[in-house]
file input34.cif (mmCIF, C-alpha atoms; chains and numbers go by the auth columns)
data_query
#
loop_
_atom_site.group_PDB
_atom_site.id
_atom_site.type_symbol
_atom_site.label_atom_id
_atom_site.label_comp_id
_atom_site.label_asym_id
_atom_site.label_seq_id
_atom_site.Cartn_x
_atom_site.Cartn_y
_atom_site.Cartn_z
_atom_site.B_iso_or_equiv
_atom_site.auth_seq_id
_atom_site.auth_asym_id
ATOM 1 C CA MET A 1 -47.054 141.749 62.353 0.00 5 A
ATOM 2 C CA LYS A 2 -48.620 141.162 65.737 0.00 6 A
ATOM 3 C CA GLY A 3 -45.435 140.132 67.541 0.00 7 A
ATOM 4 C CA GLY A 4 -43.894 136.744 68.243 0.00 8 A
ATOM 5 C CA GLU A 5 -43.513 135.698 64.597 0.00 9 A
ATOM 6 C CA THR A 6 -40.651 133.952 62.858 0.00 10 A
ATOM 7 C CA VAL A 7 -39.608 136.084 59.891 0.00 11 A
ATOM 8 C CA ALA A 8 -37.434 134.709 57.078 0.00 12 A
ATOM 9 C CA ILE A 9 -35.880 137.380 54.875 0.00 13 A
ATOM 10 C CA PHE A 10 -34.478 136.327 51.526 0.00 14 A
ATOM 11 C CA GLY A 11 -31.679 138.778 50.784 0.00 15 A
ATOM 12 C CA SER A 12 -29.082 140.455 52.986 0.00 16 A
ATOM 13 C CA GLY A 13 -28.344 143.615 51.094 0.00 17 A
ATOM 14 C CA PRO A 14 -29.404 147.018 52.427 0.00 18 A
ATOM 15 C CA VAL A 15 -33.115 146.215 51.950 0.00 19 A
ATOM 16 C CA GLY A 16 -32.812 142.818 53.663 0.00 20 A
ATOM 17 C CA ILE A 17 -30.891 144.293 56.603 0.00 21 A
ATOM 18 C CA MET A 18 -33.491 147.035 57.074 0.00 22 A
ATOM 19 C CA ALA A 19 -36.274 144.442 56.795 0.00 23 A
ATOM 20 C CA ALA A 20 -34.589 142.482 59.595 0.00 24 A
ATOM 21 C CA LYS A 21 -34.292 145.572 61.785 0.00 25 A
ATOM 22 C CA SER A 22 -37.931 146.402 61.066 0.00 26 A
ATOM 23 C CA ALA A 23 -39.016 142.869 61.977 0.00 27 A
ATOM 24 C CA TRP A 24 -37.305 143.183 65.366 0.00 28 A
ATOM 25 C CA LEU A 25 -38.959 146.589 65.917 0.00 29 A
ATOM 26 C CA ARG A 26 -42.342 145.003 65.084 0.00 30 A
ATOM 27 C CA GLY A 27 -41.851 142.319 67.749 0.00 31 A
ATOM 28 C CA ALA A 28 -40.544 139.320 65.818 0.00 32 A
ATOM 29 C CA ALA A 29 -39.483 136.424 68.019 0.00 33 A
ATOM 30 C CA ARG A 30 -36.983 135.171 65.450 0.00 34 A
ATOM 31 C CA VAL A 31 -35.452 136.707 62.313 0.00 35 A
ATOM 32 C CA ILE A 32 -33.569 134.627 59.740 0.00 36 A
ATOM 33 C CA ASN A 33 -31.780 136.147 56.737 0.00 37 A
ATOM 34 C CA ILE A 34 -30.889 134.068 53.671 0.00 38 A
ATOM 35 C CA ASP A 35 -28.315 135.029 51.041 0.00 39 A
ATOM 36 C CA THR A 36 -25.851 133.467 48.589 0.00 40 A
ATOM 37 C CA LEU A 37 -22.909 135.528 49.834 0.00 41 A
ATOM 38 C CA GLN A 38 -21.393 134.832 53.255 0.00 42 A
ATOM 39 C CA TYR A 39 -19.970 138.338 53.727 0.00 43 A
ATOM 40 C CA ARG A 40 -23.481 139.782 53.414 0.00 44 A
ATOM 41 C CA LEU A 41 -24.784 137.342 56.008 0.00 45 A
ATOM 42 C CA ASP A 42 -21.913 138.268 58.325 0.00 46 A
ATOM 43 C CA LYS A 43 -22.841 141.953 57.978 0.00 47 A
ATOM 44 C CA THR A 44 -26.502 141.162 58.635 0.00 48 A
ATOM 45 C CA LYS A 45 -25.662 139.173 61.761 0.00 49 A
ATOM 46 C CA LEU A 46 -23.511 142.066 62.995 0.00 50 A
ATOM 47 C CA THR A 47 -25.914 144.928 62.212 0.00 51 A
ATOM 48 C CA ALA A 48 -29.323 143.305 62.643 0.00 52 A
ATOM 49 C CA GLY A 49 -28.676 140.363 64.979 0.00 53 A
ATOM 50 C CA SER A 50 -30.394 137.872 62.672 0.00 54 A
ATOM 51 C CA GLU A 51 -29.803 134.182 62.348 0.00 55 A
ATOM 52 C CA THR A 52 -28.482 133.398 58.885 0.00 56 A
ATOM 53 C CA ILE A 53 -28.653 130.697 56.228 0.00 57 A
ATOM 54 C CA LEU A 54 -26.232 130.509 53.314 0.00 58 A
ATOM 55 C CA TRP A 55 -28.073 129.633 50.078 0.00 59 A
ATOM 56 C CA LYS A 56 -25.563 127.284 48.470 0.00 60 A
ATOM 57 C CA ASP A 57 -27.361 124.116 47.398 0.00 61 A
ATOM 58 C CA GLY A 58 -30.585 125.592 46.043 0.00 62 A
ATOM 59 C CA ALA A 59 -34.010 126.521 47.304 0.00 63 A
ATOM 60 C CA ARG A 60 -34.916 123.033 48.519 0.00 64 A
ATOM 61 C CA ASP A 61 -31.995 123.059 50.993 0.00 65 A
ATOM 62 C CA VAL A 62 -32.925 126.524 52.277 0.00 66 A
ATOM 63 C CA VAL A 63 -36.596 125.629 52.697 0.00 67 A
ATOM 64 C CA GLU A 64 -35.624 122.447 54.571 0.00 68 A
ATOM 65 C CA GLN A 65 -33.393 124.463 56.914 0.00 69 A
ATOM 66 C CA ILE A 66 -36.191 126.952 57.627 0.00 70 A
ATOM 67 C CA ARG A 67 -38.613 124.105 58.310 0.00 71 A
ATOM 68 C CA GLU A 68 -36.059 122.489 60.611 0.00 72 A
ATOM 69 C CA LEU A 69 -35.629 125.761 62.539 0.00 73 A
ATOM 70 C CA THR A 70 -39.421 126.138 62.877 0.00 74 A
ATOM 71 C CA HIS A 71 -40.201 122.536 63.905 0.00 75 A
ATOM 72 C CA GLY A 72 -41.642 121.708 60.465 0.00 76 A
ATOM 73 C CA ARG A 73 -44.073 124.607 60.389 0.00 77 A
ATOM 74 C CA GLY A 74 -42.336 127.180 58.188 0.00 78 A
ATOM 75 C CA ALA A 75 -41.830 130.887 58.782 0.00 79 A
ATOM 76 C CA ASP A 76 -44.843 132.987 59.719 0.00 80 A
ATOM 77 C CA VAL A 77 -43.657 135.725 57.358 0.00 81 A
ATOM 78 C CA CYS A 78 -41.274 135.504 54.399 0.00 82 A
ATOM 79 C CA VAL A 79 -39.845 138.676 52.939 0.00 83 A
ATOM 80 C CA GLU A 80 -38.520 138.622 49.389 0.00 84 A
ATOM 81 C CA ALA A 81 -35.785 141.284 49.296 0.00 85 A
ATOM 82 C CA VAL A 82 -33.848 140.044 46.248 0.00 86 A
ATOM 83 C CA GLY A 83 -35.984 140.725 43.187 0.00 87 A
ATOM 84 C CA PHE A 84 -35.810 139.290 39.711 0.00 88 A
ATOM 85 C CA GLU A 85 -32.009 139.199 39.392 0.00 89 A
ATOM 86 C CA PRO A 86 -30.779 136.430 41.710 0.00 90 A
ATOM 87 C CA GLU A 87 -27.802 134.265 40.876 0.00 91 A
ATOM 88 C CA ARG A 88 -28.994 131.763 38.253 0.00 92 A
ATOM 89 C CA SER A 89 -27.812 128.648 36.507 0.00 93 A
ATOM 90 C CA LEU A 90 -27.341 128.436 32.748 0.00 94 A
ATOM 91 C CA LEU A 91 -30.567 126.400 32.530 0.00 95 A
ATOM 92 C CA ASP A 92 -32.503 129.110 34.421 0.00 96 A
ATOM 93 C CA ARG A 93 -31.143 131.771 32.058 0.00 97 A
ATOM 94 C CA ALA A 94 -32.051 129.709 28.980 0.00 98 A
ATOM 95 C CA LYS A 95 -35.619 129.198 30.265 0.00 99 A
ATOM 96 C CA ALA A 96 -35.976 132.952 30.750 0.00 100 A
ATOM 97 C CA VAL A 97 -34.860 133.624 27.182 0.00 101 A
ATOM 98 C CA ILE A 98 -37.243 131.018 25.753 0.00 102 A
ATOM 99 C CA ASN A 99 -40.177 132.454 27.750 0.00 103 A
ATOM 100 C CA PHE A 100 -39.245 136.104 27.030 0.00 104 A
ATOM 101 C CA GLU A 101 -38.789 136.674 30.753 0.00 105 A
ATOM 102 C CA LYS A 102 -36.393 139.023 32.479 0.00 106 A
ATOM 103 C CA GLY A 103 -34.612 137.516 35.446 0.00 107 A
ATOM 104 C CA SER A 104 -36.031 134.747 37.599 0.00 108 A
ATOM 105 C CA VAL A 105 -38.848 134.174 40.056 0.00 109 A
ATOM 106 C CA LYS A 106 -36.968 131.433 41.979 0.00 110 A
ATOM 107 C CA VAL A 107 -36.534 133.416 45.206 0.00 111 A
ATOM 108 C CA LEU A 108 -40.241 134.260 45.321 0.00 112 A
ATOM 109 C CA GLU A 109 -40.991 130.563 44.776 0.00 113 A
ATOM 110 C CA ALA A 110 -38.658 129.713 47.687 0.00 114 A
ATOM 111 C CA CYS A 111 -40.530 132.195 49.902 0.00 115 A
ATOM 112 C CA MET A 112 -43.834 130.550 49.054 0.00 116 A
ATOM 113 C CA SER A 113 -42.380 127.139 49.934 0.00 117 A
ATOM 114 C CA ALA A 114 -40.776 128.348 53.176 0.00 118 A
ATOM 115 C CA VAL A 115 -43.802 130.169 54.583 0.00 119 A
ATOM 116 C CA ARG A 116 -46.244 128.291 56.801 0.00 120 A
ATOM 117 C CA ARG A 117 -49.821 127.579 55.775 0.00 121 A
ATOM 118 C CA GLY A 118 -51.791 130.798 56.202 0.00 122 A
ATOM 119 C CA GLY A 119 -48.569 132.798 56.317 0.00 123 A
ATOM 120 C CA ILE A 120 -47.593 136.049 54.641 0.00 124 A
ATOM 121 C CA VAL A 121 -45.144 136.603 51.785 0.00 125 A
ATOM 122 C CA SER A 122 -44.094 140.220 51.383 0.00 126 A
ATOM 123 C CA VAL A 123 -42.354 141.120 48.121 0.00 127 A
ATOM 124 C CA LEU A 124 -39.914 144.021 48.407 0.00 128 A
ATOM 125 C CA GLY A 125 -37.741 142.959 45.453 0.00 129 A
ATOM 126 C CA VAL A 126 -38.603 144.363 42.034 0.00 130 A
ATOM 127 C CA TYR A 127 -40.294 142.168 39.406 0.00 131 A
ATOM 128 C CA PRO A 128 -40.805 143.856 36.032 0.00 132 A
ATOM 129 C CA ALA A 129 -42.443 141.076 33.997 0.00 133 A
ATOM 130 C CA THR A 130 -44.824 138.141 33.962 0.00 134 A
ATOM 131 C CA TYR A 131 -43.463 134.682 34.691 0.00 135 A
ATOM 132 C CA ASP A 132 -44.215 131.247 33.322 0.00 136 A
ATOM 133 C CA ASN A 133 -45.315 128.613 35.842 0.00 137 A
ATOM 134 C CA PHE A 134 -46.016 130.961 38.761 0.00 138 A
ATOM 135 C CA PRO A 135 -46.985 128.637 41.653 0.00 139 A
ATOM 136 C CA ILE A 136 -50.626 129.708 41.860 0.00 140 A
ATOM 137 C CA GLY A 137 -51.640 126.248 43.117 0.00 141 A
ATOM 138 C CA GLN A 138 -49.255 126.477 46.068 0.00 142 A
ATOM 139 C CA PHE A 139 -50.422 130.036 46.779 0.00 143 A
ATOM 140 C CA PHE A 140 -54.044 128.838 46.855 0.00 144 A
ATOM 141 C CA ASP A 141 -53.433 125.530 48.686 0.00 145 A
ATOM 142 C CA LYS A 142 -51.438 127.104 51.522 0.00 146 A
ATOM 143 C CA GLY A 143 -53.741 130.123 51.888 0.00 147 A
ATOM 144 C CA ILE A 144 -50.802 132.506 51.559 0.00 148 A
ATOM 145 C CA THR A 145 -51.311 136.249 51.825 0.00 149 A
ATOM 146 C CA LEU A 146 -49.119 137.860 49.169 0.00 150 A
ATOM 147 C CA LYS A 147 -48.225 141.537 49.577 0.00 151 A
ATOM 148 C CA GLY A 148 -46.039 143.707 47.395 0.00 152 A
ATOM 149 C CA GLY A 149 -45.573 146.984 45.617 0.00 153 A
ATOM 150 C CA GLN A 150 -43.337 149.996 45.526 0.00 154 A
ATOM 151 C CA ALA A 151 -42.225 151.370 48.898 0.00 155 A
ATOM 152 C CA PRO A 152 -45.107 153.301 50.499 0.00 156 A
ATOM 153 C CA ALA A 153 -42.628 155.772 52.016 0.00 157 A
ATOM 154 C CA HIS A 154 -45.224 158.418 52.863 0.00 158 A
ATOM 155 C CA LYS A 155 -47.158 155.934 54.985 0.00 159 A
ATOM 156 C CA TYR A 156 -44.181 155.039 57.215 0.00 160 A
ATOM 157 C CA ILE A 157 -41.728 157.951 57.068 0.00 161 A
ATOM 158 C CA ASP A 158 -42.835 159.650 60.305 0.00 162 A
ATOM 159 C CA GLU A 159 -42.677 156.397 62.267 0.00 163 A
ATOM 160 C CA LEU A 160 -39.267 155.535 60.806 0.00 164 A
ATOM 161 C CA LEU A 161 -37.835 158.992 61.525 0.00 165 A
ATOM 162 C CA ASN A 162 -38.999 158.642 65.134 0.00 166 A
ATOM 163 C CA TYR A 163 -37.124 155.330 65.377 0.00 167 A
ATOM 164 C CA VAL A 164 -33.965 157.089 64.162 0.00 168 A
ATOM 165 C CA ILE A 165 -34.425 159.970 66.612 0.00 169 A
ATOM 166 C CA GLN A 166 -34.975 157.494 69.475 0.00 170 A
ATOM 167 C CA GLY A 167 -31.826 155.569 68.486 0.00 171 A
ATOM 168 C CA LYS A 168 -33.774 152.393 67.735 0.00 172 A
ATOM 169 C CA LEU A 169 -32.833 152.376 64.065 0.00 173 A
ATOM 170 C CA TYR A 170 -29.503 153.369 62.600 0.00 174 A
#
call {"tool": "encode", "arguments": {"input": "input34.cif", "output": "structure tokens"}}
result
Amino acid sequence: MKGGETVAIFGSGPVGIMAAKSAWLRGAARVINIDTLQYRLDKTKLTAGSETILWKDGARDVVEQIRELTHGRGADVCVEAVGFEPERSLLDRAKAVINFEKGSVKVLEACMSAVRRGGIVSVLGVYPATYDNFPIGQFFDKGITLKGGQAPAHKYIDELLNYVIQGKLY
């Protein structure tokens, strides 16, 4: 991040809350957390000071809300902090069984829809398998930068410990 970005974080568990705190430390202008559980959003608002969106009517509704909050542009950065085990409908579960897939890629797809053209999608959630119908066309068309992988703790640990010592991160 360069500073001044709008960051949308899908997930408000411990990883999503820390992603929100990290976004503020990196100079985000706006941080929005999305989750399916209101109590998690309440905790995020309290501990990280994020705006929140309750995912209740599906990805389309969430993406529309993010676009509305960003004047139609989309978030500069979307962080996927849920992984392959989001809440799913019976139809989603059946599709996964038919395709020999574990879990669902629907939150990652929502991130790719909610990010602006030329934006960044960072995947912190764990995905153990391949997925049918991955939106490669959308990825290409929007010029999205997709980042992911296991936590590179050694790269950031000194900086993070300094934030704790300085009282900026708790």
call {"tool": "resolve_selection", "arguments": {"input": "input34.cif", "expression": "the PyMOL selection byres ((chain A and resi 38) around 7)", "output": "PyMOL selection string"}}
result
chain A and resi 13-16+36-37+39+56-59
call {"tool": "resolve_selection", "arguments": {"input": "input34.cif", "expression": "the PyMOL selection byres ((chain A and resi 154) around 12)", "output": "ChimeraX atom specification"}}
result
/A:126-132,151-153,155-159
call {"tool": "resolve_selection", "arguments": {"input": "input34.cif", "expression": "the PyMOL selection byres ((chain A and resi 125) around 6)", "output": "list of chain:residue names"}}
result
A:Val81, A:Cys82, A:Val83, A:Ile124, A:Ser126, A:Leu150
call {"tool": "closest_residue", "arguments": {"input": "input34.cif", "among": "A:Asp61, A:Asp162, A:Asp145, A:Glu55", "to": "Ala12 of chain A", "atoms": "all atoms listed in the file"}}
result
A:Glu55
call {"tool": "atom_distance", "arguments": {"input": "input34.cif", "atom1": "atom CA of Gly122 of chain A", "atom2": "atom CA of Ile148 of chain A"}}
result
5.0 Å
call {"tool": "atom_distance", "arguments": {"input": "input34.cif", "atom1": "atom CA of Lys60 of chain A", "atom2": "atom CA of Gly141 of chain A"}}
result
26.6 Å
call {"tool": "atom_distance", "arguments": {"input": "input34.cif", "atom1": "atom CA of Gly8 of chain A", "atom2": "atom CA of Ile169 of chain A"}}
result
25.1 Å
call {"tool": "residues_around", "arguments": {"input": "input34.cif", "residues": "Lys146 of chain A", "least_positions_apart": "2", "cutoff": "8 Å", "atoms": "only C-alpha atoms", "output": "PDB file with C-alpha atoms, in the coordinates of the input"}}
result
ATOM      1  CA  ARG A 120     -46.244 128.291  56.801  1.00  0.00           C
ATOM      2  CA  ARG A 121     -49.821 127.579  55.775  1.00  0.00           C
ATOM      3  CA  GLY A 122     -51.791 130.798  56.202  1.00  0.00           C
ATOM      4  CA  GLY A 123     -48.569 132.798  56.317  1.00  0.00           C
ATOM      5  CA  GLN A 142     -49.255 126.477  46.068  1.00  0.00           C
ATOM      6  CA  PHE A 143     -50.422 130.036  46.779  1.00  0.00           C
ATOM      7  CA  PHE A 144     -54.044 128.838  46.855  1.00  0.00           C
ATOM      8  CA  ILE A 148     -50.802 132.506  51.559  1.00  0.00           C
TER       9      ILE A 148
END
call {"tool": "closest_residue", "arguments": {"input": "input34.cif", "among": "A:Val19, A:Ala118, A:Ala27, A:Ala52", "to": "Arg77 of chain A", "atoms": "only C-alpha atoms"}}
result
A:Ala118
call {"tool": "residues_around", "arguments": {"input": "input34.cif", "residues": "Val111 of chain A", "least_positions_apart": "4", "cutoff": "9 Å", "atoms": "only C-alpha atoms", "output": "PDB file with C-alpha atoms, in the frame of the given file"}}
result
ATOM      1  CA  PHE A  14     -34.478 136.327  51.526  1.00  0.00           C
ATOM      2  CA  ALA A  63     -34.010 126.521  47.304  1.00  0.00           C
ATOM      3  CA  GLU A  84     -38.520 138.622  49.389  1.00  0.00           C
ATOM      4  CA  ALA A  85     -35.785 141.284  49.296  1.00  0.00           C
ATOM      5  CA  VAL A  86     -33.848 140.044  46.248  1.00  0.00           C
ATOM      6  CA  GLY A  87     -35.984 140.725  43.187  1.00  0.00           C
ATOM      7  CA  PHE A  88     -35.810 139.290  39.711  1.00  0.00           C
ATOM      8  CA  PRO A  90     -30.779 136.430  41.710  1.00  0.00           C
ATOM      9  CA  CYS A 115     -40.530 132.195  49.902  1.00  0.00           C
ATOM     10  CA  MET A 116     -43.834 130.550  49.054  1.00  0.00           C
TER      11      MET A 116
END
call {"tool": "closest_residue", "arguments": {"input": "input34.cif", "among": "A:Lys49, A:Lys25, A:Arg30, A:Lys172", "to": "Gly7 of chain A", "atoms": "all atoms listed in the file"}}
result
A:Arg30
call {"tool": "closest_residue", "arguments": {"input": "input34.cif", "among": "A:Arg34, A:Arg71, A:Lys110, A:Lys6", "to": "Ser54 of chain A", "atoms": "all atoms listed in the file"}}
result
A:Arg34
call {"tool": "residues_around", "arguments": {"input": "input34.cif", "residues": "Val119 of chain A", "least_positions_apart": "5", "cutoff": "6 Å", "atoms": "all atoms listed in the file", "output": "list in words"}}
result
Gly78, Ala79, Asp80 and Cys82 of chain A
call {"tool": "build_atoms", "arguments": {"input": "input34.cif", "residues": "segment 130-151 of chain A", "atoms": "N, CA and C atoms", "output": "mmCIF file, keeping the file's coordinate frame"}}
result
data_model
loop_
_atom_site.group_PDB
_atom_site.id
_atom_site.type_symbol
_atom_site.label_atom_id
_atom_site.label_comp_id
_atom_site.auth_asym_id
_atom_site.auth_seq_id
_atom_site.Cartn_x
_atom_site.Cartn_y
_atom_site.Cartn_z
ATOM 1 N N VAL A 130 -37.916 143.867 43.227
ATOM 2 C CA VAL A 130 -38.603 144.363 42.034
ATOM 3 C C VAL A 130 -38.765 143.251 41.006
ATOM 4 N N TYR A 131 -39.976 143.128 40.467
ATOM 5 C CA TYR A 131 -40.294 142.168 39.406
ATOM 6 C C TYR A 131 -40.960 142.918 38.253
ATOM 7 N N PRO A 132 -40.268 143.041 37.119
ATOM 8 C CA PRO A 132 -40.805 143.856 36.032
ATOM 9 C C PRO A 132 -41.655 143.124 34.999
ATOM 10 N N ALA A 133 -41.809 141.825 35.088
ATOM 11 C CA ALA A 133 -42.443 141.076 33.997
ATOM 12 C C ALA A 133 -43.342 139.970 34.530
ATOM 13 N N THR A 134 -44.054 139.328 33.615
ATOM 14 C CA THR A 134 -44.824 138.141 33.962
ATOM 15 C C THR A 134 -43.891 136.935 33.940
ATOM 16 N N TYR A 135 -44.295 135.876 34.622
ATOM 17 C CA TYR A 135 -43.463 134.682 34.691
ATOM 18 C C TYR A 135 -44.270 133.438 34.384
ATOM 19 N N ASP A 136 -43.642 132.542 33.658
ATOM 20 C CA ASP A 136 -44.215 131.247 33.322
ATOM 21 C C ASP A 136 -44.210 130.370 34.570
ATOM 22 N N ASN A 137 -45.236 129.592 34.751
ATOM 23 C CA ASN A 137 -45.315 128.613 35.842
ATOM 24 C C ASN A 137 -45.300 129.231 37.238
ATOM 25 N N PHE A 138 -45.890 130.395 37.420
ATOM 26 C CA PHE A 138 -46.016 130.961 38.761
ATOM 27 C C PHE A 138 -46.806 129.975 39.615
ATOM 28 N N PRO A 139 -46.362 129.703 40.840
ATOM 29 C CA PRO A 139 -46.985 128.637 41.653
ATOM 30 C C PRO A 139 -48.335 129.025 42.250
ATOM 31 N N ILE A 140 -49.304 129.292 41.403
ATOM 32 C CA ILE A 140 -50.626 129.708 41.860
ATOM 33 C C ILE A 140 -51.310 128.608 42.684
ATOM 34 N N GLY A 141 -51.059 127.351 42.348
ATOM 35 C CA GLY A 141 -51.640 126.248 43.117
ATOM 36 C C GLY A 141 -51.128 126.230 44.542
ATOM 37 N N GLN A 142 -49.838 126.446 44.731
ATOM 38 C CA GLN A 142 -49.255 126.477 46.068
ATOM 39 C C GLN A 142 -49.793 127.682 46.845
ATOM 40 N N PHE A 143 -49.875 128.814 46.182
ATOM 41 C CA PHE A 143 -50.422 130.036 46.779
ATOM 42 C C PHE A 143 -51.837 129.772 47.303
ATOM 43 N N PHE A 144 -52.659 129.141 46.479
ATOM 44 C CA PHE A 144 -54.044 128.838 46.855
ATOM 45 C C PHE A 144 -54.104 127.771 47.950
ATOM 46 N N ASP A 145 -53.383 126.658 47.759
ATOM 47 C CA ASP A 145 -53.433 125.530 48.686
ATOM 48 C C ASP A 145 -53.000 125.919 50.098
ATOM 49 N N LYS A 146 -51.958 126.730 50.209
ATOM 50 C CA LYS A 146 -51.438 127.104 51.522
ATOM 51 C C LYS A 146 -52.166 128.304 52.126
ATOM 52 N N GLY A 147 -53.027 128.957 51.365
ATOM 53 C CA GLY A 147 -53.741 130.123 51.888
ATOM 54 C C GLY A 147 -52.796 131.272 52.202
ATOM 55 N N ILE A 148 -51.828 131.487 51.341
ATOM 56 C CA ILE A 148 -50.802 132.506 51.559
ATOM 57 C C ILE A 148 -51.369 133.891 51.264
ATOM 58 N N THR A 149 -51.037 134.847 52.114
ATOM 59 C CA THR A 149 -51.311 136.249 51.825
ATOM 60 C C THR A 149 -50.071 136.803 51.156
ATOM 61 N N LEU A 150 -50.230 137.332 49.958
ATOM 62 C CA LEU A 150 -49.119 137.860 49.169
ATOM 63 C C LEU A 150 -49.253 139.369 49.100
ATOM 64 N N LYS A 151 -48.216 140.075 49.578
ATOM 65 C CA LYS A 151 -48.225 141.537 49.577
ATOM 66 C C LYS A 151 -47.023 142.026 48.798
#
